[in-house]
$ cat coords.txt   # compact mmCIF, C-alpha atoms
# COMPACT_ATOMS: atom_id res chain seq x y z
CA MET A 24 19.04 20.95 -16.06
CA LEU A 25 16.82 18.89 -13.75
CA HIS A 26 16.70 15.11 -14.00
CA ILE A 27 13.77 13.31 -12.36
CA VAL A 28 13.87 9.58 -11.54
CA ASN A 29 10.97 7.57 -10.08
CA LYS A 30 12.13 3.91 -10.22
CA SER A 31 13.78 1.82 -7.52
CA PRO A 32 17.55 1.59 -8.16
CA LEU A 33 17.72 -2.11 -7.29
CA THR A 34 15.08 -3.47 -9.68
CA ASN A 35 15.27 -0.99 -12.58
CA THR A 36 18.23 0.59 -14.39
CA ALA A 37 16.69 4.06 -14.91
CA LEU A 38 18.73 5.75 -12.19
CA GLU A 39 21.94 4.00 -13.18
CA ASN A 40 21.40 4.94 -16.84
CA CYS A 41 20.72 8.53 -15.80
CA LEU A 42 23.90 8.74 -13.72
CA ASN A 43 25.94 7.16 -16.54
CA ILE A 44 24.88 9.90 -18.94
CA VAL A 45 24.55 13.01 -16.84
CA ALA A 46 27.73 14.99 -16.16
CA SER A 47 26.32 17.91 -14.20
CA GLY A 48 23.13 19.56 -12.99
CA GLU A 49 20.49 18.53 -10.49
CA ILE A 50 18.66 15.27 -9.90
CA LEU A 51 15.42 14.75 -8.01
CA LEU A 52 14.51 11.30 -6.67
CA ILE A 53 10.76 10.70 -6.33
CA GLU A 54 8.45 7.70 -5.71
CA ASP A 55 10.40 4.41 -5.59
CA ALA A 56 13.67 6.17 -6.53
CA VAL A 57 13.86 7.60 -3.01
CA TYR A 58 15.23 4.23 -1.82
CA ALA A 59 18.49 5.15 -3.61
CA ALA A 60 19.05 7.90 -1.04
CA THR A 61 18.63 5.64 2.02
CA ALA A 62 21.61 4.57 4.10
CA GLY A 63 22.87 1.02 3.63
CA ASN A 64 21.22 0.23 0.30
CA ALA A 65 23.31 -1.51 -2.35
CA PHE A 66 23.16 1.49 -4.71
CA GLU A 67 24.47 3.92 -2.07
CA ALA A 68 28.09 3.95 -3.32
CA LYS A 69 26.99 4.82 -6.88
CA LEU A 70 24.79 7.64 -5.64
CA ARG A 71 27.59 9.01 -3.44
CA GLU A 72 29.95 8.95 -6.40
CA ALA A 73 27.40 10.94 -8.44
CA MET A 74 26.98 13.46 -5.62
CA GLY A 75 30.48 14.72 -6.43
CA ARG A 76 29.21 16.23 -9.69
CA LEU A 77 25.42 16.43 -9.26
CA LYS A 78 23.24 18.08 -6.66
CA VAL A 79 20.85 15.39 -5.39
CA TYR A 80 17.36 16.06 -4.00
CA VAL A 81 14.73 13.67 -2.67
CA LEU A 82 10.98 14.22 -2.32
CA GLN A 83 10.32 14.09 1.44
CA PRO A 84 6.64 12.92 1.31
CA ASP A 85 7.70 9.89 -0.77
CA LEU A 86 10.51 9.13 1.68
CA GLU A 87 8.15 9.31 4.66
CA ALA A 88 5.49 7.19 2.96
CA ARG A 89 8.05 4.40 2.67
CA GLY A 90 9.14 4.61 6.31
CA MET A 91 12.56 5.92 5.29
CA GLY A 92 12.37 9.48 6.65
CA ASP A 93 15.02 8.76 9.28
CA ARG A 94 17.70 7.21 7.07
CA LEU A 95 18.42 9.78 4.39
CA ILE A 96 22.05 9.78 3.24
CA ALA A 97 23.89 12.91 4.44
CA GLY A 98 24.39 15.42 1.63
CA VAL A 99 21.07 14.67 -0.09
CA THR A 100 18.60 17.55 0.20
CA ALA A 101 14.97 16.76 1.06
CA VAL A 102 12.30 18.93 -0.59
CA ASP A 103 8.52 19.13 -0.30
CA TYR A 104 6.08 19.57 -3.21
CA GLY A 105 6.74 23.32 -3.25
CA GLY A 106 10.47 22.57 -3.50
CA PHE A 107 9.75 20.20 -6.41
CA VAL A 108 7.97 23.03 -8.24
CA ASN A 109 10.82 25.44 -7.50
CA LEU A 110 13.33 23.01 -9.01
CA THR A 111 11.31 22.80 -12.22
CA ILE A 112 11.27 26.62 -12.35
CA SER A 113 14.92 27.24 -11.53
CA ASN A 114 16.06 24.78 -14.22
CA ASN A 115 15.44 25.62 -17.86
CA THR A 116 14.65 22.01 -18.81
CA CYS A 117 13.58 18.77 -17.12
CA GLN A 118 14.19 15.17 -18.16
CA SER A 119 12.09 12.40 -16.59
CA TRP A 120 13.88 9.03 -16.76
CA LEU A 121 10.73 6.93 -17.12
CA MET B 5 -14.97 -29.15 1.81
CA GLY B 6 -12.23 -29.43 -0.77
CA ASP B 7 -8.60 -30.22 -0.18
CA VAL B 8 -6.45 -27.55 1.40
CA LYS B 9 -3.87 -26.32 -1.07
CA LYS B 10 -0.59 -24.62 -0.42
CA PHE B 11 -0.80 -21.07 -1.78
CA MET B 12 2.28 -18.88 -2.10
CA PHE B 13 2.13 -15.14 -2.75
CA VAL B 14 5.37 -13.81 -4.20
CA ASN B 15 5.81 -10.09 -3.47
CA ARG B 16 8.61 -8.35 -5.36
CA LYS B 17 7.50 -4.71 -5.61
CA ALA B 18 7.97 -1.75 -3.29
CA PRO B 19 4.75 -0.29 -1.82
CA TYR B 20 3.02 2.85 -3.24
CA GLY B 21 5.13 3.21 -6.44
CA THR B 22 2.88 0.60 -8.05
CA ILE B 23 -0.43 -1.01 -7.03
CA TYR B 24 1.01 -4.55 -6.78
CA ALA B 25 1.65 -4.62 -3.02
CA LEU B 26 -1.87 -3.50 -2.13
CA GLU B 27 -3.47 -5.86 -4.67
CA SER B 28 -1.49 -8.77 -3.27
CA LEU B 29 -2.78 -8.05 0.23
CA GLU B 30 -6.37 -8.01 -1.04
CA VAL B 31 -6.01 -11.43 -2.66
CA VAL B 32 -4.20 -12.84 0.38
CA LEU B 33 -7.16 -11.94 2.58
CA ILE B 34 -9.61 -13.53 0.12
CA THR B 35 -7.57 -16.72 -0.03
CA ALA B 36 -7.29 -16.91 3.74
CA ALA B 37 -11.09 -16.70 3.99
CA PHE B 38 -11.24 -20.03 2.13
CA ASP B 39 -9.09 -21.73 4.79
CA GLN B 40 -6.16 -22.43 2.52
CA ASP B 41 -2.53 -22.89 3.56
CA VAL B 42 -1.16 -19.42 2.74
CA SER B 43 2.48 -18.33 2.64
CA LEU B 44 3.70 -14.84 1.81
CA VAL B 45 7.22 -14.37 0.56
CA PHE B 46 8.97 -11.03 0.15
CA LEU B 47 11.76 -10.92 -2.41
CA ASP B 48 13.75 -8.06 -3.95
CA ASP B 49 11.95 -4.70 -3.44
CA GLY B 50 9.02 -6.57 -1.88
CA VAL B 51 10.95 -6.46 1.39
CA TYR B 52 10.23 -2.71 1.52
CA GLN B 53 6.51 -3.50 2.00
CA LEU B 54 7.26 -4.56 5.56
CA LYS B 55 9.32 -1.51 6.58
CA LYS B 56 8.22 0.03 9.88
CA GLY B 57 7.22 3.69 10.15
CA GLN B 58 5.36 4.24 6.87
CA GLN B 59 3.63 7.67 6.97
CA THR B 60 1.54 8.29 3.86
CA LYS B 61 -0.25 11.51 4.82
CA GLY B 62 2.09 13.52 2.57
CA ILE B 63 1.28 11.49 -0.55
CA GLU B 64 -2.46 11.29 0.22
CA THR B 65 -2.49 7.53 -0.24
CA LYS B 66 -3.90 4.89 2.12
CA ASN B 67 -1.23 3.50 4.44
CA PHE B 68 -1.90 -0.23 4.14
CA SER B 69 1.12 -1.34 6.15
CA PRO B 70 -0.93 -1.95 9.36
CA THR B 71 -2.73 -4.71 7.44
CA TYR B 72 0.38 -6.90 7.61
CA ARG B 73 0.01 -6.86 11.40
CA ALA B 74 -3.61 -7.99 11.07
CA LEU B 75 -2.76 -11.02 8.94
CA GLU B 76 -2.38 -13.31 11.94
CA ASP B 77 -6.04 -12.66 12.79
CA TYR B 78 -6.82 -14.38 9.47
CA ASP B 79 -4.46 -17.26 10.36
CA VAL B 80 -1.91 -16.05 7.83
CA GLU B 81 1.23 -16.56 9.84
CA LYS B 82 3.77 -17.81 7.32
CA LEU B 83 5.76 -14.77 6.24
CA TYR B 84 9.16 -15.30 4.66
CA VAL B 85 11.76 -12.68 3.78
CA GLU B 86 14.74 -13.14 1.48
CA LYS B 87 17.87 -12.55 3.58
CA GLU B 88 19.97 -11.20 0.72
CA ALA B 89 17.27 -8.76 -0.42
CA MET B 90 16.90 -7.41 3.11
CA GLU B 91 20.62 -6.89 3.51
CA GLU B 92 21.03 -5.21 0.10
CA ARG B 93 18.51 -2.62 1.26
CA GLY B 94 20.24 -1.85 4.55
CA LEU B 95 17.41 -3.46 6.52
CA SER B 96 17.34 -5.92 9.42
CA GLU B 97 14.53 -7.89 11.06
CA ASP B 98 14.20 -5.08 13.61
CA ASP B 99 13.13 -2.73 10.80
CA LEU B 100 10.15 -4.91 9.88
CA LEU B 101 6.52 -4.47 10.99
CA VAL B 102 5.86 -8.10 11.78
CA PRO B 103 7.74 -11.24 12.85
CA VAL B 104 9.05 -13.07 9.79
CA THR B 105 11.15 -16.09 8.94
CA VAL B 106 14.31 -15.03 7.14
CA LEU B 107 15.37 -17.45 4.40
CA SER B 108 18.41 -17.65 2.16
CA ARG B 109 17.85 -17.70 -1.59
CA ALA B 110 18.44 -21.47 -1.66
CA GLU B 111 15.86 -22.04 1.09
CA MET B 112 13.40 -19.77 -0.74
CA SER B 113 13.74 -21.85 -3.89
CA ALA B 114 13.00 -25.03 -1.97
CA LEU B 115 9.92 -23.45 -0.39
CA MET B 116 8.62 -22.42 -3.82
CA ASP B 117 8.95 -25.99 -5.04
CA GLN B 118 6.60 -27.22 -2.29
CA GLN B 119 3.62 -25.10 -3.39
CA ASP B 120 0.42 -26.12 -5.18
CA VAL B 121 -0.42 -22.58 -6.33
CA VAL B 122 1.89 -19.60 -6.81
CA LEU B 123 0.55 -16.06 -7.32
CA SER B 124 3.01 -13.37 -8.40
CA PHE B 125 2.88 -9.68 -7.56
$ encode --input "coords.txt" --output "structure tokens"
Amino acid sequence: MLHIVNKSPLTNTALENCLNIVASGEILLIEDAVYAATAGNAFEAKLREAMGRLKVYVLQPDLEARGMGDRLIAGVTAVDYGGFVNLTISNNTCQSWL
Amino acid sequence: MGDVKKFMFVNRKAPYGTIYALESLEVVLITAAFDQDVSLVFLDDGVYQLKKGQQTKGIETKNFSPTYRALEDYDVEKLYVEKEAMEERGLSEDDLLVPVTVLSRAEMSALMDQQDVVLSF
């Protein structure tokens, strides 16, 4: 299953709530959620802990828009829009944590 | 000519995910045109607005970050960043587009108390 999060981890609990619930599968960080995958942010430890059981992706255009293209946490996979579509196809279901 | 008031713009949102950051900039420029005493503060995710290297071609959205560099041409030169917010995001002053004054949370509170008008974004 694919989980999609679009809120900043430091001002909204959507990502934290998602990680609390989800035991396995894939997660795609888009829009303001991409900050969770940047080195040195206060949510980094929680994301790294989740990476032990979840495959984490980040939408590269959203990362670049925010000037964060050069500080992606190692182990997070960047995808483009085509990669986003492929993730929605390769997973049977998607949950957007709005 | 009326009295000059102290205007503070409080920016707490990351750019692009919502329209707040861009809307704040628009109102800042209007206010500056009326020769008011304008301060911009960047708290919480608002600090991300000032991150260097924003490249918005991929999301087909206007990159408004160069506008922060143009603010001094409008005599908007008081930019304040919350130290704790910057550090929680793995950022330093070197990562920011423009020169700013870095304030602690306690100093930020005192600055807020000095204002005549506060606009929140």
$ residues_around --input "coords.txt" --residues "A:Leu38" --least-positions-apart "2" --cutoff "10 Å" --atoms "all atoms listed in the file" --output "PyMOL selection string"
chain A and resi 26-33+35-36+40-43+50+52+56+59+66+69-70+120-121
$ write_last_selection --input "coords.txt" --atoms "C-alpha atoms" --output "tab-separated table (two decimals), in the frame of the given file"
chain	number	residue	atom	x	y	z
A	26	HIS	CA	16.70	15.11	-14.00
A	27	ILE	CA	13.77	13.31	-12.36
A	28	VAL	CA	13.87	9.58	-11.54
A	29	ASN	CA	10.97	7.57	-10.08
A	30	LYS	CA	12.13	3.91	-10.22
A	31	SER	CA	13.78	1.82	-7.52
A	32	PRO	CA	17.55	1.59	-8.16
A	33	LEU	CA	17.72	-2.11	-7.29
A	35	ASN	CA	15.27	-0.99	-12.58
A	36	THR	CA	18.23	0.59	-14.39
A	40	ASN	CA	21.40	4.94	-16.84
A	41	CYS	CA	20.72	8.53	-15.80
A	42	LEU	CA	23.90	8.74	-13.72
A	43	ASN	CA	25.94	7.16	-16.54
A	50	ILE	CA	18.66	15.27	-9.90
A	52	LEU	CA	14.51	11.30	-6.67
A	56	ALA	CA	13.67	6.17	-6.53
A	59	ALA	CA	18.49	5.15	-3.61
A	66	PHE	CA	23.16	1.49	-4.71
A	69	LYS	CA	26.99	4.82	-6.88
A	70	LEU	CA	24.79	7.64	-5.64
A	120	TRP	CA	13.88	9.03	-16.76
A	121	LEU	CA	10.73	6.93	-17.12
$ closest_residue --input "coords.txt" --among "A:Glu39, A:Glu49, A:Glu67, A:Glu54" --to "A:Leu95" --atoms "only C-alpha atoms"
A:Glu67
$ closest_residue --input "coords.txt" --among "A:Ala37, A:Val99, A:Ala65, A:Ile53" --to "A:Lys78" --atoms "all atoms listed in the file"
A:Val99
$ atom_distance --input "coords.txt" --atom1 "atom CA of A:Thr116" --atom2 "atom CA of A:Asp103"
19.7 Å
$ closest_residue --input "coords.txt" --among "A:Cys117, A:Met74, A:Ile112, A:Leu82" --to "A:Gly98" --atoms "only C-alpha atoms"
A:Met74
$ interface_residues --input "coords.txt" --of "chain A" --to "chain B" --cutoff "7 Å" --atoms "only C-alpha atoms" --output "PDB file with C-alpha atoms, keeping the file's coordinate frame"
ATOM      1  CA  GLU A  54       8.450   7.700  -5.710  1.00  0.00           C
ATOM      2  CA  ASP A  55      10.400   4.410  -5.590  1.00  0.00           C
ATOM      3  CA  ALA A  62      21.610   4.570   4.100  1.00  0.00           C
ATOM      4  CA  GLY A  63      22.870   1.020   3.630  1.00  0.00           C
ATOM      5  CA  ASN A  64      21.220   0.230   0.300  1.00  0.00           C
ATOM      6  CA  ALA A  65      23.310  -1.510  -2.350  1.00  0.00           C
ATOM      7  CA  PRO A  84       6.640  12.920   1.310  1.00  0.00           C
ATOM      8  CA  ASP A  85       7.700   9.890  -0.770  1.00  0.00           C
ATOM      9  CA  GLU A  87       8.150   9.310   4.660  1.00  0.00           C
ATOM     10  CA  ALA A  88       5.490   7.190   2.960  1.00  0.00           C
ATOM     11  CA  ARG A  89       8.050   4.400   2.670  1.00  0.00           C
ATOM     12  CA  GLY A  90       9.140   4.610   6.310  1.00  0.00           C
TER      13      GLY A  90
END
$ closest_residue --input "coords.txt" --among "B:Val8, B:Val102, B:Met116, B:Leu33" --to "B:Val51" --atoms "all atoms listed in the file"
B:Val102
$ atom_distance --input "coords.txt" --atom1 "atom CA of B:Lys87" --atom2 "atom CA of B:Gly50"
12.0 Å
$ residues_around --input "coords.txt" --residues "stretch 107-111 of chain B" --least-positions-apart "3" --cutoff "9 Å" --atoms "only C-alpha atoms" --output "number ranges by chain"
B: 84-88, 114-116
$ atom_distance --input "coords.txt" --atom1 "atom CA of B:Val121" --atom2 "atom CA of B:Glu27"
17.1 Å
